[in-house]
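J.: Sharing run.pdb here; it has PDB, C-alpha atoms, pLDDT in the B column.
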ATOM      1  CA  MET A  15    -103.332   0.541  20.674  1.00 42.00           C
ATOM      2  CA  THR A  16    -105.028   2.183  23.643  1.00 47.00           C
ATOM      3  CA  LYS A  17    -108.787   2.102  23.965  1.00 52.00           C
ATOM      4  CA  GLN A  18    -110.637   4.463  26.242  1.00 57.00           C
ATOM      5  CA  VAL A  19    -114.056   4.041  27.757  1.00 56.00           C
ATOM      6  CA  THR A  20    -116.322   6.703  26.303  1.00 61.00           C
ATOM      7  CA  ASP A  21    -119.671   5.676  27.823  1.00 67.00           C
ATOM      8  CA  GLY A  22    -121.545   6.258  24.555  1.00 75.00           C
ATOM      9  CA  MET A  23    -120.236   9.800  24.148  1.00 78.00           C
ATOM     10  CA  GLU A  24    -120.362  11.457  20.766  1.00 85.00           C
ATOM     11  CA  PRO A  25    -116.973  11.604  18.988  1.00 86.00           C
ATOM     12  CA  ALA A  26    -116.905  15.414  19.243  1.00 87.00           C
ATOM     13  CA  GLU A  27    -117.510  15.227  22.995  1.00 87.00           C
ATOM     14  CA  VAL A  28    -114.802  12.580  23.392  1.00 88.00           C
ATOM     15  CA  LYS A  29    -112.376  14.807  21.503  1.00 90.00           C
ATOM     16  CA  ARG A  30    -113.319  17.826  23.637  1.00 90.00           C
ATOM     17  CA  THR A  31    -112.892  15.969  26.934  1.00 89.00           C
ATOM     18  CA  GLU A  32    -109.560  14.507  25.814  1.00 91.00           C
ATOM     19  CA  ALA A  33    -108.319  17.997  24.930  1.00 91.00           C
ATOM     20  CA  LEU A  34    -109.547  19.322  28.280  1.00 90.00           C
ATOM     21  CA  ALA A  35    -107.839  16.459  30.111  1.00 88.00           C
ATOM     22  CA  ALA A  36    -104.580  17.332  28.360  1.00 90.00           C
ATOM     23  CA  GLU A  37    -104.958  20.979  29.416  1.00 91.00           C
ATOM     24  CA  ILE A  38    -105.685  20.018  33.030  1.00 90.00           C
ATOM     25  CA  PHE A  39    -102.725  17.656  33.054  1.00 89.00           C
ATOM     26  CA  THR A  40    -100.492  20.458  31.807  1.00 90.00           C
ATOM     27  CA  ASP A  41    -101.818  22.736  34.561  1.00 92.00           C
ATOM     28  CA  ILE A  42    -101.247  20.267  37.407  1.00 90.00           C
ATOM     29  CA  ALA A  43     -98.199  18.343  36.191  1.00 89.00           C
ATOM     30  CA  ASN A  44     -95.651  20.626  37.735  1.00 89.00           C
ATOM     31  CA  LYS A  45     -93.872  20.756  41.046  1.00 88.00           C
ATOM     32  CA  TRP A  46     -95.755  23.718  42.490  1.00 95.00           C
ATOM     33  CA  ALA A  47     -99.288  22.670  41.570  1.00 96.00           C
ATOM     34  CA  LEU A  48     -98.806  19.228  43.094  1.00 92.00           C
ATOM     35  CA  LEU A  49     -97.358  20.675  46.300  1.00 92.00           C
ATOM     36  CA  ILE A  50    -100.161  23.242  46.546  1.00 96.00           C
ATOM     37  CA  ILE A  51    -102.854  20.603  45.965  1.00 95.00           C
ATOM     38  CA  ASN A  52    -101.341  18.386  48.630  1.00 92.00           C
ATOM     39  CA  THR A  53    -100.897  21.230  51.136  1.00 94.00           C
ATOM     40  CA  ILE A  54    -104.355  22.760  50.727  1.00 95.00           C
ATOM     41  CA  GLY A  55    -105.839  19.271  50.879  1.00 91.00           C
ATOM     42  CA  GLU A  56    -104.710  19.046  54.481  1.00 90.00           C
ATOM     43  CA  SER A  57    -106.464  22.262  55.584  1.00 94.00           C
ATOM     44  CA  THR A  58    -107.815  25.599  54.416  1.00 97.00           C
ATOM     45  CA  LEU A  59    -105.016  28.157  54.358  1.00 98.00           C
ATOM     46  CA  ARG A  60    -104.469  31.851  53.770  1.00 97.00           C
ATOM     47  CA  PHE A  61    -102.052  32.980  51.076  1.00 96.00           C
ATOM     48  CA  THR A  62     -99.190  33.718  53.484  1.00 95.00           C
ATOM     49  CA  GLU A  63     -99.718  30.432  55.335  1.00 97.00           C
ATOM     50  CA  LEU A  64     -99.683  28.563  52.050  1.00 97.00           C
ATOM     51  CA  CYS A  65     -96.562  30.401  50.909  1.00 96.00           C
ATOM     52  CA  ALA A  66     -94.812  29.400  54.143  1.00 97.00           C
ATOM     53  CA  ALA A  67     -96.023  25.798  53.878  1.00 96.00           C
ATOM     54  CA  VAL A  68     -94.829  25.284  50.285  1.00 95.00           C
ATOM     55  CA  GLU A  69     -91.092  25.569  50.730  1.00 95.00           C
ATOM     56  CA  GLY A  70     -89.251  27.517  48.052  1.00 97.00           C
ATOM     57  CA  ILE A  71     -92.238  28.942  46.184  1.00 97.00           C
ATOM     58  CA  SER A  72     -92.219  32.648  45.366  1.00 97.00           C
ATOM     59  CA  HIS A  73     -95.246  34.868  45.935  1.00 96.00           C
ATOM     60  CA  LYS A  74     -95.540  35.345  42.168  1.00 98.00           C
ATOM     61  CA  MET A  75     -95.454  31.604  41.397  1.00 98.00           C
ATOM     62  CA  LEU A  76     -97.938  30.845  44.184  1.00 98.00           C
ATOM     63  CA  ALA A  77    -100.356  33.489  42.909  1.00 97.00           C
ATOM     64  CA  GLN A  78    -100.052  32.272  39.299  1.00 97.00           C
ATOM     65  CA  THR A  79    -100.521  28.627  40.233  1.00 98.00           C
ATOM     66  CA  LEU A  80    -103.487  29.347  42.519  1.00 98.00           C
ATOM     67  CA  ARG A  81    -105.185  31.295  39.709  1.00 98.00           C
ATOM     68  CA  ILE A  82    -104.723  28.386  37.301  1.00 97.00           C
ATOM     69  CA  LEU A  83    -106.020  25.866  39.840  1.00 97.00           C
ATOM     70  CA  GLU A  84    -108.972  28.119  40.681  1.00 98.00           C
ATOM     71  CA  ARG A  85    -109.806  28.491  36.973  1.00 96.00           C
ATOM     72  CA  ASP A  86    -109.702  24.711  36.568  1.00 96.00           C
ATOM     73  CA  GLY A  87    -112.100  24.239  39.486  1.00 97.00           C
ATOM     74  CA  VAL A  88    -109.511  22.558  41.701  1.00 97.00           C
ATOM     75  CA  VAL A  89    -109.067  25.346  44.265  1.00 98.00           C
ATOM     76  CA  ASP A  90    -111.744  27.462  45.909  1.00 98.00           C
ATOM     77  CA  ARG A  91    -110.873  31.046  46.837  1.00 98.00           C
ATOM     78  CA  LEU A  92    -113.033  32.590  49.541  1.00 97.00           C
ATOM     79  CA  VAL A  93    -112.668  36.354  50.055  1.00 96.00           C
ATOM     80  CA  TYR A  94    -113.956  37.828  53.315  1.00 94.00           C
ATOM     81  CA  PRO A  95    -115.126  41.463  53.285  1.00 94.00           C
ATOM     82  CA  THR A  96    -112.788  42.568  56.058  1.00 93.00           C
ATOM     83  CA  VAL A  97    -110.037  45.119  56.492  1.00 93.00           C
ATOM     84  CA  PRO A  98    -107.403  43.988  55.897  1.00 90.00           C
ATOM     85  CA  PRO A  99    -108.792  41.545  53.317  1.00 89.00           C
ATOM     86  CA  ARG A 100    -108.808  37.893  54.268  1.00 93.00           C
ATOM     87  CA  VAL A 101    -108.646  35.211  51.580  1.00 95.00           C
ATOM     88  CA  ASP A 102    -108.831  31.492  52.292  1.00 97.00           C
ATOM     89  CA  TYR A 103    -107.836  28.761  49.856  1.00 98.00           C
ATOM     90  CA  SER A 104    -109.185  25.231  49.958  1.00 98.00           C
ATOM     91  CA  LEU A 105    -109.744  22.355  47.580  1.00 98.00           C
ATOM     92  CA  THR A 106    -113.086  21.987  45.868  1.00 97.00           C
ATOM     93  CA  ASP A 107    -114.782  18.587  45.883  1.00 97.00           C
ATOM     94  CA  ALA A 108    -113.208  17.976  42.471  1.00 96.00           C
ATOM     95  CA  GLY A 109    -109.852  19.065  43.893  1.00 96.00           C
ATOM     96  CA  LEU A 110    -110.175  16.558  46.735  1.00 96.00           C
ATOM     97  CA  VAL A 111    -110.794  13.780  44.203  1.00 95.00           C
ATOM     98  CA  LEU A 112    -107.789  14.969  42.208  1.00 94.00           C
ATOM     99  CA  ARG A 113    -105.673  14.935  45.386  1.00 94.00           C
ATOM    100  CA  THR A 114    -106.642  11.290  45.904  1.00 94.00           C
ATOM    101  CA  THR A 115    -105.486  10.543  42.363  1.00 91.00           C
ATOM    102  CA  VAL A 116    -102.224  12.440  42.876  1.00 87.00           C
ATOM    103  CA  ASN A 117    -101.646  10.577  46.146  1.00 89.00           C
ATOM    104  CA  ALA A 118    -102.261   7.275  44.337  1.00 91.00           C
ATOM    105  CA  LEU A 119     -99.506   8.195  41.879  1.00 88.00           C
ATOM    106  CA  CYS A 120     -97.180   9.001  44.784  1.00 84.00           C
ATOM    107  CA  ILE A 121     -97.972   5.644  46.420  1.00 91.00           C
ATOM    108  CA  TRP A 122     -97.343   3.844  43.115  1.00 94.00           C
ATOM    109  CA  THR A 123     -93.993   5.632  42.811  1.00 91.00           C
ATOM    110  CA  ARG A 124     -92.957   4.646  46.342  1.00 92.00           C
ATOM    111  CA  GLN A 125     -93.953   1.027  45.678  1.00 97.00           C
ATOM    112  CA  HIS A 126     -91.996   0.865  42.414  1.00 97.00           C
ATOM    113  CA  VAL A 127     -89.047   3.163  43.118  1.00 97.00           C
ATOM    114  CA  ASP A 128     -86.458   0.379  42.773  1.00 98.00           C
ATOM    115  CA  HIS A 129     -87.960  -0.786  39.478  1.00 98.00           C
ATOM    116  CA  ILE A 130     -88.061   2.782  38.142  1.00 97.00           C
ATOM    117  CA  ASP A 131     -84.460   3.444  39.197  1.00 97.00           C
ATOM    118  CA  GLN A 132     -83.254   0.205  37.573  1.00 98.00           C
ATOM    119  CA  ALA A 133     -85.178   0.845  34.361  1.00 98.00           C
ATOM    120  CA  ARG A 134     -83.773   4.355  34.099  1.00 97.00           C
ATOM    121  CA  GLN A 135     -80.253   3.123  34.762  1.00 96.00           C
ATOM    122  CA  ARG A 136     -80.545   0.423  32.057  1.00 96.00           C
ATOM    123  CA  PHE A 137     -81.947   2.951  29.608  1.00 96.00           C
ATOM    124  CA  ASP A 138     -79.234   5.518  30.352  1.00 95.00           C
ATOM    125  CA  GLU A 139     -76.521   2.870  29.976  1.00 94.00           C
ATOM    126  CA  ARG A 140     -77.909   1.849  26.574  1.00 93.00           C
ATOM    127  CA  GLN A 141     -78.020   5.485  25.482  1.00 93.00           C
ATOM    128  CA  ALA A 142     -74.398   6.029  26.529  1.00 91.00           C
ATOM    129  CA  ARG A 143     -73.068   3.160  24.375  1.00 84.00           C
ATOM    130  CA  PRO A 144     -71.859   3.737  20.824  1.00 77.00           C
ATOM    131  CA  SER A 145     -74.662   3.155  18.322  1.00 68.00           C
ATOM    132  CA  SER A 146     -72.893   0.165  16.685  1.00 59.00           C
ATOM    133  CA  THR A 147     -72.952  -1.730  20.009  1.00 55.00           C
ATOM    134  CA  VAL A 148     -76.657  -1.071  20.476  1.00 52.00           C
ATOM    135  CA  ALA A 149     -77.409  -2.170  16.892  1.00 56.00           C
ATOM    136  CA  GLN A 150     -75.602  -5.497  17.455  1.00 58.00           C
ATOM    137  CA  GLU A 151     -77.764  -6.236  20.516  1.00 56.00           C
ATOM    138  CA  THR A 152     -81.090  -5.775  18.716  1.00 53.00           C
TER
END
Can I see the file as C-alpha cells?
T.:
Amino acid sequence: MTKQVTDGMEPAEVKRTEALAAEIFTDIANKWALLIINTIGESTLRFTELCAAVEGISHKMLAQTLRILERDGVVDRLVYPTVPPRVDYSLTDAGLVLRTTVNALCIWTRQHVDHIDQARQRFDERQARPSSTVAQET
C-alpha cells in the first residue's frame, strides 16, 4: 500500500491535487512535451527556432503541445507588439523545476538501463512461454 504525504490537507484537497497531478502527468508524459521542456529549458526560443530544434515535430504538434504546456503553467509565451509578430517561449519557474524532475528521471534511466533491459527481457521471455510452463514455475 502506498502512502502519500499530505501535510495536513483536507481529503477533498488531497483528491483534487491527485487528480490534477494525473492530468499534468498525462500532458507531459509524451515524447514531444519532454523534448520541448528540455529544449526551452536551455534558452528562450521563437516558434520556428523551437520547431527546428525539436527534430521531427510538425508545426501543428508543436503548437498543440505548447498550448497545453502554457495552460499548465509550464511554458511562458511572450508576444511582442511588432510587425511581423514576435513570440518567445521559455519555461516558467515551475517549468524549470519540472525540467529538473524530468532530468532526474533521465539520469535514473541512464544509471539503470542494464537492469531495465534485463527485467524487460525476462518478462518478455516469460510472456512468450506457454501458460502451462509458467504455471509450473510459480
J.: List the residues matched by the PyMOL selection byres ((chain A and resi 46) around 10) in the displayed structure as number ranges by chain, ordered by chain and then by residue number.
T.: A: 42-45, 47-52, 68-71, 75-76, 79-80
J.: Using all atoms listed in the file, which of A:Ile130, A:Ile38, A:Cys65, A:Val28 sits nearest Gly109 of chain A?
T.: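 Closest residue, counting all atoms listed in the file: A:Ile38.
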J.: Rank nothing, just name the residue among A:Ala142, A:Leu59, A:Ala26, A:Ile121 nearest to Arg100 of chain A, using only C-alpha atoms.
T.: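 Looking only at the distances to Arg100 of chain A, the closest residue turns out to be A:Leu59.
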J.: Just give me the gap between atom CA of Leu64 of chain A and atom CA of Thr123 of chain A in Å, one decimal is fine.
T.: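 So the answer is 25.4 Å.
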J.: Pick out the closest residue to Leu112 of chain A from this set: A:Asp128, A:Val97, A:Leu83, A:Ala67. Count only C-alpha atoms.
T.: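 The answer is A:Leu83, which sits nearest to Leu112 of chain A.
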J.: So that I can check the surroundings of Thr106 of chain A, please list as a PyMOL selection string every protein, DNA and RNA residue that reaches within 8 Å of it, counting all atoms listed in the file and ignoring chain neighbours fewer than 6 positions away.
T.: chain A and resi 87-90
J.: Calculate how many Å separate atom CA of Gly55 of chain A from atom CA of Arg91 of chain A, rounding to one decimal.
T.: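 Taking atom CA of Gly55 of chain A and atom CA of Arg91 of chain A, their separation equals 13.4 Å.
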J.: Just the number, please: distance in Å from atom CA of Phe61 of chain A to atom CA of Pro95 of chain A, one decimal.
T.: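 Distance between the two atoms: 15.7 Å.
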J.: Would you mind telling me which residue in A:Met23, A:Leu92, A:Ala35, A:Val101 lies nearest to Thr62 of chain A when using all atoms listed in the file?
T.: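 Answer, going by the shortest atom-to-atom distance: A:Val101.
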J.: Check the smallest atom-to-atom distance from each of A:Arg134, A:Arg60, A:His126, A:Arg113 to Val93 of chain A using all atoms listed in the file, then report the winner.
T.: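 Looking only at the distances to Val93 of chain A, the closest residue turns out to be A:Arg60.
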J.: Which is closer to Glu63 of chain A than all the others in A:Thr96, A:Glu37, A:Arg143, A:Asp102, using all atoms listed in the file?
T.: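 The closest residue to Glu63 of chain A is A:Asp102.
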J.: Got a minute to add N, CA and C atoms to segment 101-128 of chain A and dump it as an mmCIF file, in the frame of the given file?
T.:
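Output contents, as saved in rebuild.cif:
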data_model
loop_
_atom_site.group_PDB
_atom_site.id
_atom_site.type_symbol
_atom_site.label_atom_id
_atom_site.label_comp_id
_atom_site.auth_asym_id
_atom_site.auth_seq_id
_atom_site.Cartn_x
_atom_site.Cartn_y
_atom_site.Cartn_z
ATOM 1 N N VAL A 101 -108.342 36.146 52.662
ATOM 2 C CA VAL A 101 -108.646 35.211 51.580
ATOM 3 C C VAL A 101 -108.207 33.826 52.023
ATOM 4 N N ASP A 102 -109.131 32.883 51.956
ATOM 5 C CA ASP A 102 -108.831 31.492 52.292
ATOM 6 C C ASP A 102 -108.833 30.650 51.027
ATOM 7 N N TYR A 103 -107.924 29.689 50.981
ATOM 8 C CA TYR A 103 -107.836 28.761 49.856
ATOM 9 C C TYR A 103 -108.078 27.352 50.362
ATOM 10 N N SER A 104 -108.911 26.626 49.627
ATOM 11 C CA SER A 104 -109.185 25.231 49.958
ATOM 12 C C SER A 104 -109.415 24.473 48.658
ATOM 13 N N LEU A 105 -109.441 23.157 48.764
ATOM 14 C CA LEU A 105 -109.744 22.355 47.580
ATOM 15 C C LEU A 105 -111.248 22.240 47.412
ATOM 16 N N THR A 106 -111.692 22.274 46.180
ATOM 17 C CA THR A 106 -113.086 21.987 45.868
ATOM 18 C C THR A 106 -113.297 20.482 45.998
ATOM 19 N N ASP A 107 -114.530 20.035 45.869
ATOM 20 C CA ASP A 107 -114.782 18.587 45.883
ATOM 21 C C ASP A 107 -113.998 17.904 44.765
ATOM 22 N N ALA A 108 -113.980 18.539 43.588
ATOM 23 C CA ALA A 108 -113.208 17.976 42.471
ATOM 24 C C ALA A 108 -111.718 17.974 42.801
ATOM 25 N N GLY A 109 -111.250 19.000 43.480
ATOM 26 C CA GLY A 109 -109.852 19.065 43.893
ATOM 27 C C GLY A 109 -109.486 17.972 44.878
ATOM 28 N N LEU A 110 -110.414 17.647 45.780
ATOM 29 C CA LEU A 110 -110.175 16.558 46.735
ATOM 30 C C LEU A 110 -110.054 15.222 46.012
ATOM 31 N N VAL A 111 -110.888 15.009 44.997
ATOM 32 C CA VAL A 111 -110.794 13.780 44.203
ATOM 33 C C VAL A 111 -109.461 13.748 43.467
ATOM 34 N N LEU A 112 -109.076 14.879 42.903
ATOM 35 C CA LEU A 112 -107.789 14.969 42.208
ATOM 36 C C LEU A 112 -106.644 14.676 43.172
ATOM 37 N N ARG A 113 -106.725 15.190 44.385
ATOM 38 C CA ARG A 113 -105.673 14.935 45.386
ATOM 39 C C ARG A 113 -105.554 13.438 45.652
ATOM 40 N N THR A 114 -106.669 12.741 45.715
ATOM 41 C CA THR A 114 -106.642 11.290 45.904
ATOM 42 C C THR A 114 -105.901 10.624 44.749
ATOM 43 N N THR A 115 -106.161 11.085 43.538
ATOM 44 C CA THR A 115 -105.486 10.543 42.363
ATOM 45 C C THR A 115 -103.991 10.844 42.404
ATOM 46 N N VAL A 116 -103.637 12.055 42.761
ATOM 47 C CA VAL A 116 -102.224 12.440 42.876
ATOM 48 C C VAL A 116 -101.544 11.589 43.947
ATOM 49 N N ASN A 117 -102.218 11.405 45.081
ATOM 50 C CA ASN A 117 -101.646 10.577 46.146
ATOM 51 C C ASN A 117 -101.463 9.137 45.684
ATOM 52 N N ALA A 118 -102.394 8.637 44.868
ATOM 53 C CA ALA A 118 -102.261 7.275 44.337
ATOM 54 C C ALA A 118 -101.007 7.161 43.468
ATOM 55 N N LEU A 119 -100.723 8.183 42.692
ATOM 56 C CA LEU A 119 -99.506 8.195 41.879
ATOM 57 C C LEU A 119 -98.262 8.206 42.768
ATOM 58 N N CYS A 120 -98.314 8.965 43.845
ATOM 59 C CA CYS A 120 -97.180 9.001 44.784
ATOM 60 C C CYS A 120 -96.974 7.638 45.443
ATOM 61 N N ILE A 121 -98.059 6.981 45.816
ATOM 62 C CA ILE A 121 -97.972 5.644 46.420
ATOM 63 C C ILE A 121 -97.384 4.667 45.414
ATOM 64 N N TRP A 122 -97.869 4.716 44.172
ATOM 65 C CA TRP A 122 -97.343 3.844 43.115
ATOM 66 C C TRP A 122 -95.840 4.057 42.958
ATOM 67 N N THR A 123 -95.416 5.318 42.963
ATOM 68 C CA THR A 123 -93.993 5.632 42.811
ATOM 69 C C THR A 123 -93.185 5.042 43.955
ATOM 70 N N ARG A 124 -93.670 5.213 45.188
ATOM 71 C CA ARG A 124 -92.957 4.646 46.342
ATOM 72 C C ARG A 124 -92.866 3.128 46.244
ATOM 73 N N GLN A 125 -93.930 2.487 45.773
ATOM 74 C CA GLN A 125 -93.953 1.027 45.678
ATOM 75 C C GLN A 125 -93.030 0.509 44.578
ATOM 76 N N HIS A 126 -92.769 1.314 43.574
ATOM 77 C CA HIS A 126 -91.996 0.865 42.414
ATOM 78 C C HIS A 126 -90.691 1.630 42.221
ATOM 79 N N VAL A 127 -90.229 2.311 43.255
ATOM 80 C CA VAL A 127 -89.047 3.163 43.118
ATOM 81 C C VAL A 127 -87.825 2.375 42.656
ATOM 82 N N ASP A 128 -87.617 1.175 43.187
ATOM 83 C CA ASP A 128 -86.458 0.379 42.773
ATOM 84 C C ASP A 128 -86.554 0.003 41.298
#
